[in-house]
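Notes for the one structure printed next.
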Amino acid sequence: MAGQHPTTQTVAINNVADISVISIYFLVVIGVGLWSMRRTNRGTVGGYFLAGRNMVWWPVGASLFASNIGSGHFIGLAGTGAASGLAVAGFEWNALFVVLLLGWVFVPVYLTAGVITMPQYLKKRFGGSRIRFYLTILSLFLYIFTKISVDMFSGAVFIQQALGWNIYISVIALLVITMIYTVTGGLAALMYTDTVQTFVIIAGAFVLMGYAFNEIGGYNGLFEKYMNAIPRMHISPEPHLYNISEACYKPRSDSFNMFRDPLIGDLPWPALLIGLTLVSCWYWCSDQVIVQRCLAGKNVTHVKAGCILCGYLKFLPMFLMVMPGMISRILYKDEIACVVPSECKRICGTEVGCSNIAYPKLVVTLMPDGLRGLMLAVMLAALMSSLASIFNSSSTIFTIDVWTRFRPRAGDRELLIVGRVWILFLVAVSIAWIPVVQAAQGGQLFDYMQSVASYLAPPIAAVFLLALFFKRVNEPGAFWGLIGGLLIGMIRMIPEFIFGAGSCLFPSACPAIICGIHYLYFAIILFLCSCMLVLGVSYCTPPIAEKHLHRLVFSLRYSKEERIDLDSGEDDDKRETGVRQRDAVENGNLEHKMEVHDPAAEENQSLVRRCLDWFCGLNSAVPELEPKASEEELEEAAKKLTDIEENPFWSTVVNVNAIIMMSFAVFLWAYYA
Amino acid sequence: MFIPPVSLLGVLLILGSVSCQQGNASIQRRFPQWLTGLISVSVFLFLVLAVFVVNRVWCKDKKERGPSEVGERFTEKGEAIGNGTEGRDSGADNFRSPDHENAYENHIEWEEQVVQTTAM
């Protein structure tokens with residue numbers, strides 16, 4: 001495929017050093033995946049989807065980081081850094097604070113509520129099933145059309161532009177390896193491999209950063225030379241058609257500032273501080289991919305410590321991605337900062353600009369043999385960890401929220417099989433998505449997809465925040481808030497798709513009243529509108545009695561009262577946490593179920609079938625259930641899982657650490673203000 | 001009388017073009033970067049301290065109003081509270097009206113809900 005683009009930087013990795021580095025990397029990942037598979041019980045819903053709720057703080061933190069950092073970050077952060085300077089790192093440094101919000105406010109409530117998925121939480125909090133249904137559909141839609149496609153697109157840019165590999169073979173191979181440990185190991189395997197991936201990502205990116213800064217003459221060199229990184233060709237070859245204004249090829253004068261003009265800046269500071277926080281609230285605090293990692297934590301203190309670790313790691317992208325991107329512009333100003341459409345088309349196959357290849361360009365030109373393989377491993381690590389997390393989380397949502405609705409009496413075994421089949425389905429969708437990715441490379445389809453989140457997410461963030469903090473919010477309020485927010489978001493999203501986002505040379509024809517507002521400002525407006533809708537409708541309709549809300553809202557998180565679940569008669573609410581066993585005993589169908597399954601399975605169990613069972617860890621369910629705990633013990637275990645009491649000493653330690661981390665963050669924000 | 005404003009206007013015009021030139025060359029900062037950082041960190045830490053202090057005072061005040069508000073904190077520890085000694089020797093006495101001991105509170109309201117030692 002690379003042959004289609006007359007690229008100058010295509011370098012095939014064919015030397016011994018590179019290939020051995022990549023092979024070692026794959027062996028380590030698969031090894032860790034297999035090792036962690038043996039460590040946890042994968043035969044139950046709690047074991048498979050929540051890693052047995054037994055994770056300590058460092059896999060939690062590393063996994064949060066690795067799920068978040070995808071190949072899109074390497075391409076996008078470096079590219080935007082090259083195009084417009086430091087401010088894009090605000091996206092990362094804003095998340096620092098939101099991830100603390102997750103650990104200190106959201107996760108304690110989710111834990112005491114005893115939920116596995118986010119739609120399930122809303123169902124418990126508000127009752128009814130339309131909210132759950134809506135959020136399930138919206139989440140799956142966002143995963144497939146934004147997260148998976150952006151990651152696949154960026155991975156494709158790297159593999160295709162820089163290495164010249166066949167994209168189908170490499171992506172399919174990648175997905176198969178990801179699938180092996182996602183399907184078989186469940187969340188535990190995922191989190192341990194994520195830890196390895198985090199090490200690889202950080203180590204490799206540090207090496208590249210070192211080479212890059214060395215090339216440019218150190219940290220000061222970057223700030224001295226960046227402003228002069230102007231492409232040589234910046235005069236329009238066809239003046240009768242278009243002119244090229246200075247703003248399109250010169251570095252912005254506020255390139256070294258994080259806080260930019262609230263009216264004319266490309267990332268105005270109120271938008272960066274408030275609008276982005278609202279979008280991050282959805283991403284970090286109410287989205288399954290991130291929250292699921294926290295729910296797997298051993299207890300609240302471990303989750304909080306994991307969040308702090310993730311926060312510290314989030315300091316790095318500024319130095320590991322944004323600054324190398326800017327360096328890339330200095331070193332290869334004619335390519336990265338190209339402005340003449342025909343020239344850009346020649347360099348990277350896209351007319352609107354080539355900032356996307358900033359990071360791959362550095363890798364290919366600066367790194368020696370062996371280290372280039374390491375950088376490929378870094379990109380694969382970022383891609384695989386994010387994709388695996390999305391696969392796992394969407395299969396959790398599908399299993400818990402969709403399948404149990406169709407088949408409320410489904411046993412553990414059935415649910416686990418369904419979860420795995422769903423992952424296979426998603427992998428197939430991702431592979432089918434490759435041609436679309438390739439077709440879209442010339443256009444800007446993926447830029448729209450990035451901004452889709454800010455048009456769809458704010459209502460979800462509003463509903464979750466209000467659900468947590470206002471007892472008065474009820475089901476109609478939440479539902480109409482979500483629907484109204486969706487409609488307002490559509491008003492902005494659809495014209496943008498129709499008119500296109502435009503480029504610096506050819507601005508979009510979209511009327512200013514719709515598209516003129518910065519998209520993060522729009523997120524603020526959308527959030528406020530949704531809040532008003534939710535509160536307005538809630539106050540016009542009867543409230544939910546407090547007996548239904550114990551341990552579901554923030555102010556009642558320590559409540560010990562018995563909670564009467566809304567619509568508790570329904571069956572699909574029965575299996576919620578790792579305490580599934582207790583429910584099974586209570587329903588009296590545990591022994592019955594196992595008996596139904598086992599004899600039939602033993603009779604016609606072929607070798608293939610047994611291998612498959614071992615592969616999926618399904619047979620381990622039987623011995624696990626053998627020593628049947630007494631009812632009191634099960635009650636005790638259930639209490640322990642939803643318990644959020646903390647050891648006062650360690651609680652103080654994490655609190656102090658959080659304040660230290662925030663101080664660092666505030667310092668860096670102000671340093672680059 | 002007319003000369004100073006005109007010359008001022010001239011200076012302002014020149015200033016305008018000068019500041020335009022500066023915008024391209026390098027960013028002029030009012031403070032060095034590290035100083036901005038330190039200032040904001042100290043402001044942040046001061047805010048944290050303020051929140052901490054307010055929280056302390058508020059929590060004590062809350063405790064003072066009666067265990068029914070604080071949930072199980074008292075009963076959990078199994079603490080017994082002697083009759084007539086409720087809520088003494090806590091710093092929140094300072095916030096009380098000196099005129100009358102119960103000027104701000106209604107002791108009778110929560111006395112029934114606490115484990116109390118009686119002379120039985």
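Ordering of the structure tokens sets the chain letters (A, B, ...), residue numbers begin anew at 1 in every chain, and ligands are numbered from 1 in the order given.
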Enumerate, in order of chain and increasing residue number, the residues of chain B with an atom no farther than 6 Å from chain A, each with its shortest atom pair and distance in Å to one decimal, counting only C-alpha atoms, as a Markdown table.
```
| residue | atom | partner | partner_atom | distance |
| --- | --- | --- | --- | --- |
| B:Asn24 | CA | A:Ser253 | CA | 6.0 |
| B:Gln33 | CA | A:Tyr671 | CA | 4.9 |
| B:Trp34 | CA | A:Tyr671 | CA | 5.8 |
| B:Thr36 | CA | A:Ala670 | CA | 5.7 |
| B:Gly37 | CA | A:Phe667 | CA | 4.3 |
| B:Val41 | CA | A:Phe667 | CA | 5.5 |
```
What would the file look like if the residues just selected were written as a short mmCIF file (atom, residue, chain, number, x, y, z; two decimals), in the first residue's frame with N, CA and C atoms?
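To be explicit, this is the file written out as part_8.cif:
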```
data_model
loop_
_atom_site.label_atom_id
_atom_site.label_comp_id
_atom_site.auth_asym_id
_atom_site.auth_seq_id
_atom_site.Cartn_x
_atom_site.Cartn_y
_atom_site.Cartn_z
N ASN B 24 6.69 38.65 17.57
CA ASN B 24 7.29 37.62 16.75
C ASN B 24 8.59 37.09 17.32
N GLN B 33 9.64 32.21 34.41
CA GLN B 33 8.68 31.10 34.45
C GLN B 33 8.61 30.43 35.81
N TRP B 34 9.80 30.20 36.42
CA TRP B 34 9.79 29.46 37.68
C TRP B 34 9.08 30.24 38.77
N THR B 36 6.50 32.35 38.34
CA THR B 36 5.05 32.16 38.12
C THR B 36 4.62 30.84 38.74
N GLY B 37 5.43 29.81 38.47
CA GLY B 37 5.10 28.50 39.01
C GLY B 37 5.03 28.51 40.52
N VAL B 41 1.84 27.80 42.93
CA VAL B 41 1.83 26.67 43.87
C VAL B 41 1.52 27.17 45.27
#
```
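Reported to one decimal place, the separation of CA of Cys510 in chain A from CA of Phe141 in chain A is 25.6 Å.
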_Residue contacts of range 395-411 of chain A (7 Å, only C-alpha atoms) excluding same-chain residues fewer than 4 positions away, as a PyMOL selection string_ = chain A and resi 49+117+120+136+391+415+418-419+422-423+571-572
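Between CA of Phe153 in chain A and CA of Ile514 in chain A there is a distance of 27.9 Å.
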*Please provide the set of residues having any atom within 9 Å of Ala229 in chain A, restricted to only C-alpha atoms, with same-chain residues fewer than 3 positions apart removed, written as a PyMOL selection string.*
chain A and resi 225-226+249-251+329-334+337
Limited to all heavy atoms, could you put the picked residues into a file as an mmCIF file, in the first residue's frame?
```cif
data_model
loop_
_atom_site.group_PDB
_atom_site.id
_atom_site.type_symbol
_atom_site.label_atom_id
_atom_site.label_comp_id
_atom_site.auth_asym_id
_atom_site.auth_seq_id
_atom_site.Cartn_x
_atom_site.Cartn_y
_atom_site.Cartn_z
ATOM 1 N N LYS A 225 14.680 27.819 18.401
ATOM 2 C CA LYS A 225 14.558 27.570 16.964
ATOM 3 C C LYS A 225 13.137 27.373 16.481
ATOM 4 O O LYS A 225 12.872 27.463 15.283
ATOM 5 C CB LYS A 225 15.385 26.328 16.591
ATOM 6 C CG LYS A 225 16.874 26.522 16.819
ATOM 7 C CD LYS A 225 17.633 25.249 16.527
ATOM 8 C CE LYS A 225 19.079 25.371 16.981
ATOM 9 N NZ LYS A 225 19.720 24.058 17.119
ATOM 10 N N TYR A 226 12.195 27.079 17.415
ATOM 11 C CA TYR A 226 10.863 26.701 16.953
ATOM 12 C C TYR A 226 10.214 27.817 16.137
ATOM 13 O O TYR A 226 9.582 27.564 15.117
ATOM 14 C CB TYR A 226 9.977 26.333 18.138
ATOM 15 C CG TYR A 226 8.585 25.927 17.740
ATOM 16 C CD1 TYR A 226 8.342 24.671 17.200
ATOM 17 C CD2 TYR A 226 7.506 26.791 17.878
ATOM 18 C CE1 TYR A 226 7.079 24.296 16.813
ATOM 19 C CE2 TYR A 226 6.231 26.427 17.487
ATOM 20 C CZ TYR A 226 6.025 25.172 16.956
ATOM 21 O OH TYR A 226 4.764 24.811 16.570
ATOM 22 N N TYR A 249 1.444 29.161 7.765
ATOM 23 C CA TYR A 249 2.725 28.451 7.797
ATOM 24 C C TYR A 249 3.674 28.931 8.885
ATOM 25 O O TYR A 249 4.654 28.261 9.196
ATOM 26 C CB TYR A 249 3.427 28.512 6.431
ATOM 27 C CG TYR A 249 3.746 29.906 5.951
ATOM 28 C CD1 TYR A 249 4.947 30.507 6.325
ATOM 29 C CD2 TYR A 249 2.873 30.603 5.134
ATOM 30 C CE1 TYR A 249 5.236 31.782 5.871
ATOM 31 C CE2 TYR A 249 3.164 31.869 4.677
ATOM 32 C CZ TYR A 249 4.351 32.459 5.055
ATOM 33 O OH TYR A 249 4.651 33.711 4.627
ATOM 34 N N LYS A 250 3.409 30.092 9.472
ATOM 35 C CA LYS A 250 4.264 30.547 10.569
ATOM 36 C C LYS A 250 3.811 29.914 11.873
ATOM 37 O O LYS A 250 2.620 29.738 12.090
ATOM 38 C CB LYS A 250 4.183 32.066 10.691
ATOM 39 C CG LYS A 250 5.132 32.802 9.772
ATOM 40 C CD LYS A 250 5.283 34.235 10.237
ATOM 41 C CE LYS A 250 6.468 34.884 9.534
ATOM 42 N NZ LYS A 250 6.559 36.299 9.825
ATOM 43 N N PRO A 251 4.762 29.606 12.760
ATOM 44 C CA PRO A 251 4.347 29.138 14.088
ATOM 45 C C PRO A 251 3.555 30.232 14.798
ATOM 46 O O PRO A 251 3.840 31.421 14.633
ATOM 47 C CB PRO A 251 5.675 28.888 14.796
ATOM 48 C CG PRO A 251 6.670 28.713 13.720
ATOM 49 C CD PRO A 251 6.209 29.582 12.598
ATOM 50 N N ARG A 329 9.198 19.475 13.816
ATOM 51 C CA ARG A 329 8.923 20.595 12.912
ATOM 52 C C ARG A 329 10.185 21.406 12.650
ATOM 53 O O ARG A 329 10.423 21.868 11.528
ATOM 54 C CB ARG A 329 7.846 21.483 13.524
ATOM 55 C CG ARG A 329 7.583 22.710 12.656
ATOM 56 C CD ARG A 329 6.461 23.561 13.194
ATOM 57 N NE ARG A 329 6.267 24.720 12.340
ATOM 58 C CZ ARG A 329 5.100 25.280 12.104
ATOM 59 N NH1 ARG A 329 4.023 24.778 12.654
ATOM 60 N NH2 ARG A 329 5.004 26.332 11.333
ATOM 61 N N ILE A 330 11.007 21.564 13.700
ATOM 62 C CA ILE A 330 12.242 22.327 13.498
ATOM 63 C C ILE A 330 13.172 21.595 12.538
ATOM 64 O O ILE A 330 13.756 22.183 11.620
ATOM 65 C CB ILE A 330 12.954 22.549 14.845
ATOM 66 C CG1 ILE A 330 12.047 23.327 15.798
ATOM 67 C CG2 ILE A 330 14.274 23.282 14.649
ATOM 68 C CD1 ILE A 330 12.581 23.446 17.187
ATOM 69 N N LEU A 331 13.279 20.266 12.744
ATOM 70 C CA LEU A 331 14.245 19.502 11.956
ATOM 71 C C LEU A 331 13.791 19.329 10.511
ATOM 72 O O LEU A 331 14.601 19.359 9.592
ATOM 73 C CB LEU A 331 14.467 18.129 12.598
ATOM 74 C CG LEU A 331 15.199 18.128 13.945
ATOM 75 C CD1 LEU A 331 15.274 16.716 14.488
ATOM 76 C CD2 LEU A 331 16.600 18.706 13.800
ATOM 77 N N TYR A 332 12.490 19.115 10.330
ATOM 78 C CA TYR A 332 12.001 18.828 8.973
ATOM 79 C C TYR A 332 10.922 19.823 8.625
ATOM 80 O O TYR A 332 9.780 19.453 8.349
ATOM 81 C CB TYR A 332 11.454 17.397 8.907
ATOM 82 C CG TYR A 332 12.312 16.410 9.638
ATOM 83 C CD1 TYR A 332 11.919 15.886 10.857
ATOM 84 C CD2 TYR A 332 13.556 16.042 9.122
ATOM 85 C CE1 TYR A 332 12.725 15.014 11.545
ATOM 86 C CE2 TYR A 332 14.366 15.171 9.812
ATOM 87 C CZ TYR A 332 13.950 14.655 11.026
ATOM 88 O OH TYR A 332 14.754 13.805 11.708
ATOM 89 N N LYS A 333 11.266 21.110 8.649
ATOM 90 C CA LYS A 333 10.222 22.124 8.498
ATOM 91 C C LYS A 333 9.538 22.050 7.140
ATOM 92 O O LYS A 333 8.349 22.324 7.045
ATOM 93 C CB LYS A 333 10.775 23.520 8.764
ATOM 94 C CG LYS A 333 12.151 23.832 8.206
ATOM 95 C CD LYS A 333 12.541 25.240 8.618
ATOM 96 C CE LYS A 333 13.951 25.584 8.191
ATOM 97 N NZ LYS A 333 14.936 25.029 9.140
ATOM 98 N N ASP A 334 10.255 21.648 6.119
ATOM 99 C CA ASP A 334 9.624 21.616 4.803
ATOM 100 C C ASP A 334 8.552 20.531 4.712
ATOM 101 O O ASP A 334 7.555 20.692 4.014
ATOM 102 C CB ASP A 334 10.684 21.379 3.723
ATOM 103 C CG ASP A 334 11.572 22.602 3.581
ATOM 104 O OD1 ASP A 334 11.088 23.702 3.928
ATOM 105 O OD2 ASP A 334 12.734 22.457 3.175
ATOM 106 N N ALA A 337 5.735 21.120 8.249
ATOM 107 C CA ALA A 337 4.976 22.370 8.217
ATOM 108 C C ALA A 337 4.540 22.734 6.805
ATOM 109 O O ALA A 337 4.243 23.887 6.539
ATOM 110 C CB ALA A 337 5.811 23.494 8.820
#
```
